[in-house]
$ cat coords30.cif   # mmCIF, C-alpha atoms
data_entry
#
loop_
_atom_site.group_PDB
_atom_site.id
_atom_site.type_symbol
_atom_site.label_atom_id
_atom_site.label_comp_id
_atom_site.auth_asym_id
_atom_site.auth_seq_id
_atom_site.Cartn_x
_atom_site.Cartn_y
_atom_site.Cartn_z
ATOM 1 C CA MET C 1372 99.553 95.196 103.716
ATOM 2 C CA LEU C 1373 98.376 91.745 104.762
ATOM 3 C CA ALA C 1374 100.259 91.857 108.068
ATOM 4 C CA VAL C 1375 97.504 93.766 109.861
ATOM 5 C CA PRO C 1376 94.612 91.395 109.059
ATOM 6 C CA PHE C 1377 96.699 88.301 109.744
ATOM 7 C CA SER C 1378 97.963 89.662 113.058
ATOM 8 C CA LEU C 1379 94.386 90.465 114.053
ATOM 9 C CA ILE C 1380 93.306 86.914 113.180
ATOM 10 C CA GLY C 1381 96.189 85.548 115.224
ATOM 11 C CA ALA C 1382 95.237 87.748 118.179
ATOM 12 C CA VAL C 1383 91.616 86.563 118.043
ATOM 13 C CA TRP C 1384 92.736 82.923 117.860
ATOM 14 C CA TYR C 1385 95.010 83.523 120.848
ATOM 15 C CA LEU C 1386 92.134 84.993 122.852
ATOM 16 C CA TRP C 1387 89.946 82.047 121.863
ATOM 17 C CA PHE C 1388 92.696 79.609 122.867
ATOM 18 C CA LEU C 1389 92.902 81.253 126.293
ATOM 19 C CA ALA C 1390 89.089 81.199 126.553
ATOM 20 C CA ILE C 1391 88.880 84.977 126.909
ATOM 21 C CA THR C 1392 85.555 86.057 125.456
ATOM 22 C CA SER C 1393 85.443 89.658 126.585
ATOM 23 C CA LEU C 1394 84.409 92.060 123.836
ATOM 24 C CA CYS C 1395 86.393 94.760 125.580
ATOM 25 C CA ARG C 1396 89.610 92.871 124.863
ATOM 26 C CA LEU C 1397 88.646 92.514 121.215
ATOM 27 C CA GLY C 1398 88.127 96.274 121.108
ATOM 28 C CA ARG C 1399 91.587 96.793 122.517
ATOM 29 C CA HIS C 1400 93.047 94.604 119.796
ATOM 30 C CA ASP C 1401 91.237 96.711 117.213
ATOM 31 C CA ALA C 1402 92.851 99.831 118.646
ATOM 32 C CA LEU C 1403 96.278 98.192 118.882
ATOM 33 C CA MET C 1404 96.196 97.012 115.285
ATOM 34 C CA GLY C 1405 95.736 100.582 114.135
ATOM 35 C CA TRP C 1406 92.713 100.002 111.874
ATOM 36 C CA ARG C 1407 91.297 103.422 112.585
ATOM 37 C CA GLU C 1408 94.576 105.309 112.468
ATOM 38 C CA THR C 1409 95.737 103.685 109.261
ATOM 39 C CA GLY C 1410 92.507 104.498 107.465
ATOM 40 C CA VAL C 1411 92.332 108.054 108.755
ATOM 41 C CA PHE C 1412 95.926 108.817 107.790
ATOM 42 C CA MET C 1413 95.478 107.276 104.340
ATOM 43 C CA LEU C 1414 92.373 109.403 103.729
ATOM 44 C CA LEU C 1415 94.236 112.475 104.971
ATOM 45 C CA PHE C 1416 97.099 111.970 102.525
ATOM 46 C CA LEU C 1417 94.720 111.212 99.641
ATOM 47 C CA ASP C 1418 92.700 114.329 100.434
ATOM 48 C CA LEU C 1419 95.824 116.493 100.598
ATOM 49 C CA SER C 1420 97.055 115.141 97.278
ATOM 50 C CA TYR C 1421 93.650 115.686 95.637
ATOM 51 C CA ASN C 1422 93.375 119.249 96.968
ATOM 52 C CA ASP C 1423 96.910 120.021 95.802
ATOM 53 C CA ALA C 1424 96.082 118.781 92.279
ATOM 54 C CA VAL C 1425 92.861 120.844 92.211
ATOM 55 C CA ARG C 1426 94.727 123.936 93.396
ATOM 56 C CA LYS C 1427 97.296 123.497 90.598
ATOM 57 C CA GLY C 1428 94.505 123.015 88.023
ATOM 58 C CA LYS C 1429 95.554 119.471 87.162
ATOM 59 C CA MET C 1430 92.210 117.755 87.837
ATOM 60 C CA ASN C 1431 90.851 117.603 84.289
ATOM 61 C CA SER C 1432 90.479 113.888 83.605
ATOM 62 C CA TYR C 1433 90.231 110.462 85.166
ATOM 63 C CA GLU C 1434 93.974 109.967 84.668
ATOM 64 C CA ASP C 1435 94.675 113.134 86.672
ATOM 65 C CA LEU C 1436 92.514 111.781 89.503
ATOM 66 C CA ARG C 1437 94.293 108.429 89.319
ATOM 67 C CA GLU C 1438 97.682 110.146 89.434
ATOM 68 C CA ALA C 1439 96.641 112.207 92.478
ATOM 69 C CA ILE C 1440 95.472 109.042 94.267
ATOM 70 C CA ILE C 1441 98.721 107.226 93.524
ATOM 71 C CA HIS C 1442 100.764 110.251 94.614
ATOM 72 C CA GLY C 1443 98.899 110.483 97.930
ATOM 73 C CA ALA C 1444 99.186 106.748 98.564
ATOM 74 C CA VAL C 1445 102.919 106.736 97.841
ATOM 75 C CA LYS C 1446 103.463 109.620 100.250
ATOM 76 C CA ARG C 1447 101.580 107.739 102.971
ATOM 77 C CA VAL C 1448 103.249 104.350 102.476
ATOM 78 C CA ARG C 1449 106.840 105.497 101.958
ATOM 79 C CA PRO C 1450 109.286 104.517 104.702
ATOM 80 C CA LYS C 1451 110.185 107.266 107.124
ATOM 81 C CA PRO C 1452 113.695 107.479 108.633
#
$ encode --input "coords30.cif" --output "structure tokens"
Amino acid sequence: MLAVPFSLIGAVWYLWFLAITSLCRLGRHDALMGWRETGVFMLLFLDLSYNDAVRKGKMNSYEDLREAIIHGAVKRVRPKP
């Protein structure tokens, strides 16, 4: 999980080293690092897991909510062949 922030820091240092100060290039690095996509997909999987638990009637306590969050996160992070 720390690879994304560290790679972004390295990219900014590289741009600074090359004396490139364009904000447009920094915006491109933001898009390349996948900040937006990663967050959107994580929220999508968490929302799907939560809605599935509500539909099954399993959302009765804090532990049920915690289990739904963990289930959604595991589905998002699992390696895909």
$ closest_residue --input "coords30.cif" --among "C:Gly1410, C:Val1448, C:Leu1389, C:Tyr1421" --to "Asp1435 of chain C" --atoms "only C-alpha atoms"
C:Tyr1421
$ residues_around --input "coords30.cif" --residues "Lys1446 of chain C" --least-positions-apart "3" --cutoff "12 Å" --atoms "all atoms listed in the file" --output "PyMOL selection string"
chain C and resi 1412-1420+1439-1443+1449-1451
$ atom_distance --input "coords30.cif" --atom1 "atom CA of Gly1428 of chain C" --atom2 "atom CA of Val1411 of chain C"
25.7 Å
$ atom_distance --input "coords30.cif" --atom1 "atom CA of Gly1381 of chain C" --atom2 "atom CA of Ala1444 of chain C"
27.1 Å
$ atom_distance --input "coords30.cif" --atom1 "atom CA of Leu1436 of chain C" --atom2 "atom CA of Asp1423 of chain C"
11.3 Å
